[in-house]
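Enquirer: File follows, protein-v6.txt with compact mmCIF, N, CA and C atoms:
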```
# COMPACT_ATOMS: atom_id res chain seq x y z
N MET T 9 -40.09 -16.48 47.23
CA MET T 9 -40.12 -17.16 48.50
C MET T 9 -39.58 -18.58 48.31
N VAL T 10 -38.60 -18.93 49.13
CA VAL T 10 -38.02 -20.27 49.10
C VAL T 10 -38.52 -21.02 50.32
N THR T 11 -39.00 -22.23 50.10
CA THR T 11 -39.56 -23.04 51.18
C THR T 11 -38.65 -24.22 51.46
N LEU T 12 -38.36 -24.44 52.73
CA LEU T 12 -37.52 -25.55 53.16
C LEU T 12 -38.29 -26.33 54.21
N GLU T 13 -38.43 -27.62 53.99
CA GLU T 13 -39.16 -28.45 54.95
C GLU T 13 -38.19 -29.41 55.63
N ASN T 14 -38.32 -29.52 56.96
CA ASN T 14 -37.52 -30.47 57.71
C ASN T 14 -38.39 -31.12 58.78
N HIS T 15 -37.79 -31.87 59.69
CA HIS T 15 -38.57 -32.59 60.70
C HIS T 15 -39.25 -31.66 61.70
N LEU T 16 -38.82 -30.42 61.79
CA LEU T 16 -39.43 -29.47 62.71
C LEU T 16 -40.60 -28.70 62.11
N GLY T 17 -40.68 -28.68 60.78
CA GLY T 17 -41.76 -27.96 60.12
C GLY T 17 -41.30 -27.31 58.83
N THR T 18 -42.00 -26.25 58.44
CA THR T 18 -41.71 -25.56 57.19
C THR T 18 -41.07 -24.21 57.48
N ILE T 19 -40.00 -23.91 56.75
CA ILE T 19 -39.31 -22.63 56.87
C ILE T 19 -39.44 -21.92 55.53
N ARG T 20 -39.86 -20.67 55.58
CA ARG T 20 -39.96 -19.86 54.36
C ARG T 20 -38.99 -18.70 54.45
N VAL T 21 -38.16 -18.55 53.40
CA VAL T 21 -37.18 -17.48 53.34
C VAL T 21 -37.57 -16.58 52.17
N SER T 22 -37.69 -15.28 52.44
CA SER T 22 -38.11 -14.36 51.38
C SER T 22 -36.99 -14.13 50.37
N HIS T 23 -37.39 -13.83 49.17
CA HIS T 23 -36.44 -13.57 48.09
C HIS T 23 -35.60 -12.34 48.40
N SER T 24 -36.20 -11.30 48.96
CA SER T 24 -35.45 -10.08 49.25
C SER T 24 -34.39 -10.32 50.32
N TYR T 25 -34.66 -11.19 51.29
CA TYR T 25 -33.65 -11.52 52.30
C TYR T 25 -32.47 -12.23 51.66
N LEU T 26 -32.73 -13.20 50.79
CA LEU T 26 -31.66 -13.92 50.12
C LEU T 26 -30.81 -12.98 49.28
N VAL T 27 -31.44 -12.07 48.54
CA VAL T 27 -30.70 -11.13 47.70
C VAL T 27 -29.83 -10.23 48.56
N ASP T 28 -30.37 -9.74 49.67
CA ASP T 28 -29.60 -8.88 50.56
C ASP T 28 -28.44 -9.64 51.18
N LEU T 29 -28.66 -10.87 51.59
CA LEU T 29 -27.61 -11.71 52.17
C LEU T 29 -26.48 -11.94 51.17
N VAL T 30 -26.84 -12.29 49.94
CA VAL T 30 -25.85 -12.53 48.89
C VAL T 30 -25.10 -11.24 48.56
N GLY T 31 -25.83 -10.14 48.43
CA GLY T 31 -25.21 -8.86 48.10
C GLY T 31 -24.18 -8.43 49.12
N ARG T 32 -24.50 -8.58 50.39
CA ARG T 32 -23.55 -8.20 51.45
C ARG T 32 -22.33 -9.12 51.45
N ALA T 33 -22.52 -10.38 51.15
CA ALA T 33 -21.38 -11.31 51.07
C ALA T 33 -20.46 -10.95 49.91
N VAL T 34 -21.05 -10.58 48.77
CA VAL T 34 -20.25 -10.26 47.58
C VAL T 34 -19.43 -9.00 47.79
N VAL T 35 -20.06 -7.92 48.26
CA VAL T 35 -19.32 -6.65 48.36
C VAL T 35 -18.30 -6.67 49.49
N SER T 36 -18.36 -7.66 50.38
CA SER T 36 -17.34 -7.75 51.43
C SER T 36 -16.07 -8.44 50.93
N CYS T 37 -16.10 -9.00 49.73
CA CYS T 37 -14.92 -9.67 49.16
C CYS T 37 -13.93 -8.65 48.62
N PHE T 38 -12.65 -8.93 48.81
CA PHE T 38 -11.60 -8.05 48.32
C PHE T 38 -11.62 -7.99 46.80
N GLY T 39 -11.46 -6.80 46.25
CA GLY T 39 -11.38 -6.61 44.81
C GLY T 39 -12.70 -6.29 44.14
N VAL T 40 -13.80 -6.37 44.87
CA VAL T 40 -15.11 -6.06 44.28
C VAL T 40 -15.38 -4.57 44.46
N ALA T 41 -15.56 -3.87 43.33
CA ALA T 41 -15.86 -2.44 43.39
C ALA T 41 -17.34 -2.19 43.59
N GLY T 42 -18.18 -3.11 43.16
CA GLY T 42 -19.63 -2.96 43.32
C GLY T 42 -20.37 -3.92 42.42
N MET T 43 -21.68 -3.75 42.40
CA MET T 43 -22.54 -4.59 41.59
C MET T 43 -22.85 -3.87 40.28
N ALA T 44 -23.13 -4.64 39.24
CA ALA T 44 -23.47 -4.08 37.93
C ALA T 44 -24.93 -4.36 37.62
N VAL T 45 -25.50 -3.53 36.78
CA VAL T 45 -26.88 -3.74 36.35
C VAL T 45 -26.92 -4.93 35.41
N THR T 46 -27.85 -5.84 35.64
CA THR T 46 -27.97 -7.02 34.78
C THR T 46 -28.69 -6.63 33.49
N PRO T 47 -28.55 -7.45 32.46
CA PRO T 47 -29.22 -7.14 31.19
C PRO T 47 -30.73 -6.96 31.32
N THR T 48 -31.39 -7.66 32.23
CA THR T 48 -32.83 -7.51 32.39
C THR T 48 -33.20 -6.25 33.17
N GLN T 49 -32.24 -5.62 33.83
CA GLN T 49 -32.50 -4.43 34.62
C GLN T 49 -32.18 -3.15 33.87
N LYS T 50 -31.66 -3.28 32.65
CA LYS T 50 -31.29 -2.09 31.89
C LYS T 50 -32.52 -1.34 31.43
N GLY T 51 -32.43 -0.08 31.44
CA GLY T 51 -33.52 0.78 31.02
C GLY T 51 -33.01 2.20 30.93
N PRO T 52 -33.91 3.17 30.76
CA PRO T 52 -33.47 4.54 30.61
C PRO T 52 -32.78 5.10 31.85
N LEU T 53 -33.07 4.57 33.02
CA LEU T 53 -32.46 5.09 34.24
C LEU T 53 -31.38 4.18 34.80
N ALA T 54 -31.06 3.10 34.10
CA ALA T 54 -30.08 2.14 34.61
C ALA T 54 -28.68 2.72 34.54
N LYS T 55 -27.86 2.34 35.52
CA LYS T 55 -26.47 2.76 35.55
C LYS T 55 -25.66 1.71 36.28
N LEU T 56 -24.35 1.83 36.23
CA LEU T 56 -23.50 0.94 36.98
C LEU T 56 -23.44 1.44 38.42
N TYR T 57 -23.49 0.53 39.35
CA TYR T 57 -23.42 0.89 40.76
C TYR T 57 -22.01 0.63 41.25
N HIS T 58 -21.22 1.69 41.37
CA HIS T 58 -19.84 1.55 41.78
C HIS T 58 -19.69 1.54 43.30
N SER T 59 -20.62 2.12 43.99
CA SER T 59 -20.55 2.15 45.44
C SER T 59 -20.93 0.79 45.99
N LYS T 60 -20.22 0.35 47.01
CA LYS T 60 -20.52 -0.95 47.59
C LYS T 60 -21.86 -0.96 48.32
N THR T 61 -22.36 0.21 48.70
CA THR T 61 -23.61 0.24 49.45
C THR T 61 -24.81 0.59 48.58
N ASP T 62 -24.60 1.04 47.35
CA ASP T 62 -25.72 1.41 46.47
C ASP T 62 -26.34 0.17 45.85
N ALA T 63 -27.61 0.02 46.05
CA ALA T 63 -28.43 -0.99 45.38
C ALA T 63 -27.78 -2.37 45.35
N LEU T 64 -27.72 -3.00 46.52
CA LEU T 64 -27.15 -4.35 46.59
C LEU T 64 -27.92 -5.36 45.76
N ASP T 65 -29.20 -5.08 45.52
CA ASP T 65 -30.00 -6.03 44.77
C ASP T 65 -29.72 -5.97 43.28
N ARG T 66 -29.05 -4.94 42.81
CA ARG T 66 -28.69 -4.86 41.39
C ARG T 66 -27.62 -5.90 41.09
N GLY T 67 -27.78 -6.59 40.00
CA GLY T 67 -26.77 -7.56 39.58
C GLY T 67 -26.86 -8.90 40.27
N ILE T 68 -27.95 -9.15 41.00
CA ILE T 68 -28.10 -10.42 41.71
C ILE T 68 -29.41 -11.08 41.28
N ARG T 69 -29.29 -12.34 40.92
CA ARG T 69 -30.50 -13.12 40.58
C ARG T 69 -30.43 -14.43 41.33
N VAL T 70 -31.42 -14.68 42.15
CA VAL T 70 -31.49 -15.91 42.94
C VAL T 70 -32.72 -16.69 42.48
N ARG T 71 -32.48 -17.93 42.08
CA ARG T 71 -33.57 -18.81 41.65
C ARG T 71 -33.53 -20.10 42.45
N SER T 72 -34.68 -20.64 42.75
CA SER T 72 -34.72 -21.93 43.43
C SER T 72 -35.00 -23.02 42.40
N LYS T 73 -34.31 -24.14 42.57
CA LYS T 73 -34.47 -25.26 41.66
C LYS T 73 -34.37 -26.54 42.49
N ASP T 74 -35.39 -27.35 42.40
CA ASP T 74 -35.43 -28.63 43.12
C ASP T 74 -35.09 -28.45 44.60
N ASP T 75 -33.89 -28.82 44.98
CA ASP T 75 -33.52 -28.78 46.40
C ASP T 75 -32.42 -27.77 46.70
N GLY T 76 -32.28 -26.73 45.89
CA GLY T 76 -31.23 -25.77 46.14
C GLY T 76 -31.44 -24.47 45.39
N LEU T 77 -30.40 -23.63 45.43
CA LEU T 77 -30.45 -22.31 44.82
C LEU T 77 -29.44 -22.19 43.69
N LEU T 78 -29.82 -21.44 42.66
CA LEU T 78 -28.91 -21.04 41.60
C LEU T 78 -28.76 -19.52 41.72
N ILE T 79 -27.52 -19.04 41.78
CA ILE T 79 -27.27 -17.62 42.01
C ILE T 79 -26.42 -17.07 40.86
N ASP T 80 -26.90 -16.00 40.23
CA ASP T 80 -26.16 -15.29 39.19
C ASP T 80 -25.75 -13.93 39.74
N LEU T 81 -24.48 -13.56 39.56
CA LEU T 81 -23.96 -12.30 40.07
C LEU T 81 -23.28 -11.53 38.94
N HIS T 82 -23.57 -10.25 38.82
CA HIS T 82 -22.90 -9.37 37.87
C HIS T 82 -22.14 -8.34 38.69
N ILE T 83 -20.80 -8.34 38.55
CA ILE T 83 -19.98 -7.49 39.41
C ILE T 83 -19.07 -6.58 38.61
N ILE T 84 -18.53 -5.59 39.31
CA ILE T 84 -17.49 -4.72 38.79
C ILE T 84 -16.28 -4.92 39.70
N VAL T 85 -15.11 -5.17 39.12
CA VAL T 85 -13.92 -5.42 39.92
C VAL T 85 -12.96 -4.25 39.83
N LEU T 86 -12.04 -4.18 40.79
CA LEU T 86 -11.02 -3.14 40.79
C LEU T 86 -9.92 -3.49 39.79
N TYR T 87 -9.47 -2.50 39.06
CA TYR T 87 -8.43 -2.70 38.06
C TYR T 87 -7.14 -3.16 38.75
N GLY T 88 -6.49 -4.15 38.18
CA GLY T 88 -5.21 -4.62 38.69
C GLY T 88 -5.31 -5.79 39.65
N THR T 89 -6.49 -6.24 39.94
CA THR T 89 -6.64 -7.39 40.83
C THR T 89 -6.81 -8.66 40.01
N ASN T 90 -6.50 -9.77 40.62
CA ASN T 90 -6.58 -11.06 39.96
C ASN T 90 -8.05 -11.49 39.88
N ILE T 91 -8.61 -11.46 38.70
CA ILE T 91 -10.04 -11.71 38.52
C ILE T 91 -10.41 -13.14 38.91
N SER T 92 -9.60 -14.12 38.55
CA SER T 92 -9.95 -15.50 38.89
C SER T 92 -9.93 -15.72 40.40
N ALA T 93 -9.02 -15.06 41.11
CA ALA T 93 -8.98 -15.18 42.57
C ALA T 93 -10.21 -14.52 43.20
N ILE T 94 -10.62 -13.38 42.65
CA ILE T 94 -11.82 -12.70 43.15
C ILE T 94 -13.05 -13.58 42.96
N VAL T 95 -13.18 -14.16 41.77
CA VAL T 95 -14.34 -14.99 41.46
C VAL T 95 -14.39 -16.22 42.38
N LYS T 96 -13.26 -16.89 42.58
CA LYS T 96 -13.22 -18.05 43.47
C LYS T 96 -13.60 -17.65 44.90
N SER T 97 -13.10 -16.50 45.34
CA SER T 97 -13.41 -16.00 46.68
C SER T 97 -14.91 -15.72 46.82
N ILE T 98 -15.50 -15.10 45.80
CA ILE T 98 -16.93 -14.80 45.84
C ILE T 98 -17.76 -16.08 45.88
N ILE T 99 -17.42 -17.05 45.05
CA ILE T 99 -18.16 -18.31 45.02
C ILE T 99 -18.11 -18.99 46.39
N ASN T 100 -16.92 -19.06 46.98
CA ASN T 100 -16.78 -19.70 48.29
C ASN T 100 -17.53 -18.94 49.37
N LYS T 101 -17.40 -17.61 49.38
CA LYS T 101 -18.04 -16.80 50.43
C LYS T 101 -19.56 -16.85 50.32
N VAL T 102 -20.09 -16.72 49.12
CA VAL T 102 -21.54 -16.73 48.93
C VAL T 102 -22.11 -18.10 49.29
N THR T 103 -21.47 -19.16 48.84
CA THR T 103 -21.94 -20.51 49.14
C THR T 103 -21.95 -20.75 50.65
N TYR T 104 -20.85 -20.42 51.32
CA TYR T 104 -20.76 -20.63 52.76
C TYR T 104 -21.79 -19.79 53.51
N THR T 105 -21.90 -18.51 53.16
CA THR T 105 -22.80 -17.60 53.86
C THR T 105 -24.25 -18.05 53.75
N VAL T 106 -24.69 -18.38 52.54
CA VAL T 106 -26.08 -18.78 52.33
C VAL T 106 -26.37 -20.11 53.01
N GLU T 107 -25.51 -21.09 52.85
CA GLU T 107 -25.76 -22.39 53.44
C GLU T 107 -25.68 -22.34 54.96
N ASP T 108 -24.75 -21.56 55.51
CA ASP T 108 -24.62 -21.47 56.96
C ASP T 108 -25.77 -20.70 57.58
N THR T 109 -26.21 -19.63 56.94
CA THR T 109 -27.26 -18.79 57.51
C THR T 109 -28.65 -19.39 57.35
N THR T 110 -28.94 -19.92 56.17
CA THR T 110 -30.31 -20.37 55.90
C THR T 110 -30.48 -21.89 55.93
N GLY T 111 -29.43 -22.64 55.73
CA GLY T 111 -29.54 -24.09 55.65
C GLY T 111 -29.98 -24.58 54.29
N ILE T 112 -30.10 -23.66 53.34
CA ILE T 112 -30.51 -24.02 51.97
C ILE T 112 -29.25 -24.28 51.15
N ARG T 113 -29.24 -25.38 50.44
CA ARG T 113 -28.09 -25.77 49.63
C ARG T 113 -27.95 -24.86 48.42
N VAL T 114 -26.71 -24.46 48.12
CA VAL T 114 -26.42 -23.68 46.92
C VAL T 114 -25.89 -24.64 45.86
N LEU T 115 -26.63 -24.74 44.77
CA LEU T 115 -26.24 -25.66 43.70
C LEU T 115 -25.13 -25.07 42.83
N ARG T 116 -25.27 -23.76 42.52
CA ARG T 116 -24.29 -23.13 41.63
C ARG T 116 -24.30 -21.62 41.82
N VAL T 117 -23.10 -21.03 41.74
CA VAL T 117 -22.94 -19.58 41.75
C VAL T 117 -22.23 -19.20 40.46
N ASN T 118 -22.89 -18.41 39.61
CA ASN T 118 -22.30 -17.92 38.38
C ASN T 118 -21.91 -16.46 38.58
N VAL T 119 -20.65 -16.14 38.32
CA VAL T 119 -20.17 -14.77 38.48
C VAL T 119 -19.78 -14.22 37.12
N TYR T 120 -20.37 -13.07 36.78
CA TYR T 120 -20.09 -12.38 35.51
C TYR T 120 -19.40 -11.07 35.84
N VAL T 121 -18.19 -10.87 35.30
CA VAL T 121 -17.48 -9.61 35.50
C VAL T 121 -17.89 -8.69 34.36
N ASP T 122 -18.65 -7.64 34.69
CA ASP T 122 -19.20 -6.74 33.70
C ASP T 122 -18.39 -5.47 33.52
N GLY T 123 -17.41 -5.23 34.37
CA GLY T 123 -16.63 -4.00 34.22
C GLY T 123 -15.47 -3.92 35.19
N LEU T 124 -14.61 -2.93 34.92
CA LEU T 124 -13.45 -2.64 35.76
C LEU T 124 -13.54 -1.21 36.26
N LYS T 125 -13.06 -0.98 37.46
CA LYS T 125 -13.01 0.37 38.01
C LYS T 125 -11.57 0.66 38.43
N GLN T 126 -11.10 1.83 38.05
CA GLN T 126 -9.73 2.20 38.42
C GLN T 126 -9.68 2.86 39.74
```
Spit out the file's structure as structure tokens when you get a sec.

Expert:
Amino acid sequence: MVTLENHLGTIRVSHSYLVDLVGRAVVSCFGVAGMAVTPTQKGPLAKLYHSKTDALDRGIRVRSKDDGLLIDLHIIVLYGTNISAIVKSIINKVTYTVEDTTGIRVLRVNVYVDGLKQ
């Protein structure tokens, strides 16, 4: 739960809402094949999520720090696309979407490319 206080009162945003918001912003970017399982999510049943709609919460970690959010993303990209352009697009889209929708400042977005899909 992230808490934001302003002159009107206190606003609480749930962690699951933030993860869903970030996940939808990421998979809407060109060149993203899907989300990848993060190292902390690996286990006997873990797999890569190639579908854009499967498990949006996989590969996303949102943490609050001081007056903003730190976001870590693990993605799978399409083979043959410009990875640096995809990463810049994701950073801009996620930052804009979160700040515009919630009013919470995004301090940093870290994008990890964990795989390629043909």

Enquirer: Identify which of the residues T:Ile91, T:Val119, T:Ile98, T:Leu16 lies closest to Arg32 in chain T, counting only C-alpha atoms when measuring atom-to-atom distances.

Expert: T:Ile98

Enquirer: Report, in Å with one decimal, the straight-line distance from atom N of Gly31 in chain T to atom N of Ile19 in chain T.

Expert: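 Separating atom N of Gly31 in chain T from atom N of Ile19 in chain T is a distance of 21.4 Å.
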
Enquirer: Mind checking which residues fall within 6.5 Å of Asp122 in chain T, counting only N, CA and C atoms, ignoring those fewer than 6 positions away in the same chain, and posting them as a PyMOL selection string?

Expert: chain T and resi 82-85

Enquirer: Once DSSP has gone over the backbone, tell me which residues of chain T are in strand (DSSP E), as a count of residues only.

Expert: 43

Enquirer: Which residue is closest to Ile68 in chain T? Choose from T:Ala93, T:Val27, T:Leu124, T:Leu115 and count all atoms listed in the file.

Expert: T:Val27

Enquirer: Missing atoms in range 92-103 of chain T: fill them in up to all heavy atoms and send the result as a PDB file, in the frame of the given file.

Expert:
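What ended up in rebuild25.pdb:
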```
ATOM      1  N   SER T  92      -9.600 -14.120  38.550  1.00  0.00           N
ATOM      2  CA  SER T  92      -9.950 -15.500  38.890  1.00  0.00           C
ATOM      3  C   SER T  92      -9.930 -15.720  40.400  1.00  0.00           C
ATOM      4  O   SER T  92     -10.766 -16.456  40.931  1.00  0.00           O
ATOM      5  CB  SER T  92      -9.024 -16.491  38.192  1.00  0.00           C
ATOM      6  OG  SER T  92      -7.703 -16.382  38.679  1.00  0.00           O
ATOM      7  N   ALA T  93      -9.020 -15.060  41.110  1.00  0.00           N
ATOM      8  CA  ALA T  93      -8.980 -15.180  42.570  1.00  0.00           C
ATOM      9  C   ALA T  93     -10.210 -14.520  43.200  1.00  0.00           C
ATOM     10  O   ALA T  93     -10.780 -15.049  44.167  1.00  0.00           O
ATOM     11  CB  ALA T  93      -7.707 -14.544  43.119  1.00  0.00           C
ATOM     12  N   ILE T  94     -10.620 -13.380  42.650  1.00  0.00           N
ATOM     13  CA  ILE T  94     -11.820 -12.700  43.150  1.00  0.00           C
ATOM     14  C   ILE T  94     -13.050 -13.580  42.960  1.00  0.00           C
ATOM     15  O   ILE T  94     -13.866 -13.727  43.862  1.00  0.00           O
ATOM     16  CB  ILE T  94     -12.008 -11.342  42.437  1.00  0.00           C
ATOM     17  CG1 ILE T  94     -10.897 -10.382  42.821  1.00  0.00           C
ATOM     18  CG2 ILE T  94     -13.363 -10.736  42.765  1.00  0.00           C
ATOM     19  CD1 ILE T  94     -10.880  -9.113  41.984  1.00  0.00           C
ATOM     20  N   VAL T  95     -13.180 -14.160  41.770  1.00  0.00           N
ATOM     21  CA  VAL T  95     -14.340 -14.990  41.460  1.00  0.00           C
ATOM     22  C   VAL T  95     -14.390 -16.220  42.380  1.00  0.00           C
ATOM     23  O   VAL T  95     -15.440 -16.561  42.921  1.00  0.00           O
ATOM     24  CB  VAL T  95     -14.355 -15.394  39.972  1.00  0.00           C
ATOM     25  CG1 VAL T  95     -15.408 -16.448  39.695  1.00  0.00           C
ATOM     26  CG2 VAL T  95     -14.585 -14.168  39.108  1.00  0.00           C
ATOM     27  N   LYS T  96     -13.260 -16.890  42.580  1.00  0.00           N
ATOM     28  CA  LYS T  96     -13.220 -18.050  43.470  1.00  0.00           C
ATOM     29  C   LYS T  96     -13.600 -17.650  44.900  1.00  0.00           C
ATOM     30  O   LYS T  96     -14.332 -18.361  45.583  1.00  0.00           O
ATOM     31  CB  LYS T  96     -11.834 -18.687  43.466  1.00  0.00           C
ATOM     32  CG  LYS T  96     -11.524 -19.440  42.201  1.00  0.00           C
ATOM     33  CD  LYS T  96     -10.114 -19.994  42.235  1.00  0.00           C
ATOM     34  CE  LYS T  96      -9.748 -20.595  40.901  1.00  0.00           C
ATOM     35  NZ  LYS T  96      -8.341 -21.017  40.854  1.00  0.00           N
ATOM     36  N   SER T  97     -13.100 -16.500  45.340  1.00  0.00           N
ATOM     37  CA  SER T  97     -13.410 -16.000  46.680  1.00  0.00           C
ATOM     38  C   SER T  97     -14.910 -15.720  46.820  1.00  0.00           C
ATOM     39  O   SER T  97     -15.523 -16.075  47.838  1.00  0.00           O
ATOM     40  CB  SER T  97     -12.612 -14.729  46.957  1.00  0.00           C
ATOM     41  OG  SER T  97     -13.018 -14.144  48.155  1.00  0.00           O
ATOM     42  N   ILE T  98     -15.500 -15.100  45.800  1.00  0.00           N
ATOM     43  CA  ILE T  98     -16.930 -14.800  45.840  1.00  0.00           C
ATOM     44  C   ILE T  98     -17.760 -16.080  45.880  1.00  0.00           C
ATOM     45  O   ILE T  98     -18.701 -16.193  46.666  1.00  0.00           O
ATOM     46  CB  ILE T  98     -17.330 -13.944  44.614  1.00  0.00           C
ATOM     47  CG1 ILE T  98     -16.762 -12.537  44.759  1.00  0.00           C
ATOM     48  CG2 ILE T  98     -18.841 -13.898  44.444  1.00  0.00           C
ATOM     49  CD1 ILE T  98     -16.891 -11.700  43.502  1.00  0.00           C
ATOM     50  N   ILE T  99     -17.420 -17.050  45.050  1.00  0.00           N
ATOM     51  CA  ILE T  99     -18.160 -18.310  45.020  1.00  0.00           C
ATOM     52  C   ILE T  99     -18.110 -18.990  46.390  1.00  0.00           C
ATOM     53  O   ILE T  99     -19.138 -19.427  46.914  1.00  0.00           O
ATOM     54  CB  ILE T  99     -17.625 -19.233  43.903  1.00  0.00           C
ATOM     55  CG1 ILE T  99     -17.967 -18.648  42.534  1.00  0.00           C
ATOM     56  CG2 ILE T  99     -18.186 -20.650  44.051  1.00  0.00           C
ATOM     57  CD1 ILE T  99     -17.280 -19.350  41.380  1.00  0.00           C
ATOM     58  N   ASN T 100     -16.920 -19.060  46.980  1.00  0.00           N
ATOM     59  CA  ASN T 100     -16.780 -19.700  48.290  1.00  0.00           C
ATOM     60  C   ASN T 100     -17.530 -18.940  49.370  1.00  0.00           C
ATOM     61  O   ASN T 100     -18.229 -19.535  50.198  1.00  0.00           O
ATOM     62  CB  ASN T 100     -15.311 -19.835  48.671  1.00  0.00           C
ATOM     63  CG  ASN T 100     -14.590 -20.857  47.827  1.00  0.00           C
ATOM     64  OD1 ASN T 100     -15.188 -21.790  47.319  1.00  0.00           O
ATOM     65  ND2 ASN T 100     -13.298 -20.661  47.653  1.00  0.00           N
ATOM     66  N   LYS T 101     -17.400 -17.610  49.380  1.00  0.00           N
ATOM     67  CA  LYS T 101     -18.040 -16.800  50.430  1.00  0.00           C
ATOM     68  C   LYS T 101     -19.560 -16.850  50.320  1.00  0.00           C
ATOM     69  O   LYS T 101     -20.249 -16.996  51.333  1.00  0.00           O
ATOM     70  CB  LYS T 101     -17.553 -15.363  50.327  1.00  0.00           C
ATOM     71  CG  LYS T 101     -18.183 -14.424  51.299  1.00  0.00           C
ATOM     72  CD  LYS T 101     -17.189 -13.936  52.273  1.00  0.00           C
ATOM     73  CE  LYS T 101     -17.865 -13.046  53.289  1.00  0.00           C
ATOM     74  NZ  LYS T 101     -16.924 -12.342  54.086  1.00  0.00           N
ATOM     75  N   VAL T 102     -20.090 -16.720  49.120  1.00  0.00           N
ATOM     76  CA  VAL T 102     -21.540 -16.730  48.930  1.00  0.00           C
ATOM     77  C   VAL T 102     -22.110 -18.100  49.290  1.00  0.00           C
ATOM     78  O   VAL T 102     -23.122 -18.203  50.009  1.00  0.00           O
ATOM     79  CB  VAL T 102     -21.925 -16.334  47.492  1.00  0.00           C
ATOM     80  CG1 VAL T 102     -23.376 -16.645  47.196  1.00  0.00           C
ATOM     81  CG2 VAL T 102     -21.643 -14.856  47.270  1.00  0.00           C
ATOM     82  N   THR T 103     -21.470 -19.160  48.840  1.00  0.00           N
ATOM     83  CA  THR T 103     -21.940 -20.510  49.140  1.00  0.00           C
ATOM     84  C   THR T 103     -21.950 -20.750  50.650  1.00  0.00           C
ATOM     85  O   THR T 103     -22.943 -21.219  51.209  1.00  0.00           O
ATOM     86  CB  THR T 103     -21.060 -21.557  48.441  1.00  0.00           C
ATOM     87  OG1 THR T 103     -21.087 -21.322  47.031  1.00  0.00           O
ATOM     88  CG2 THR T 103     -21.544 -22.969  48.727  1.00  0.00           C
TER      89      THR T 103
END
```
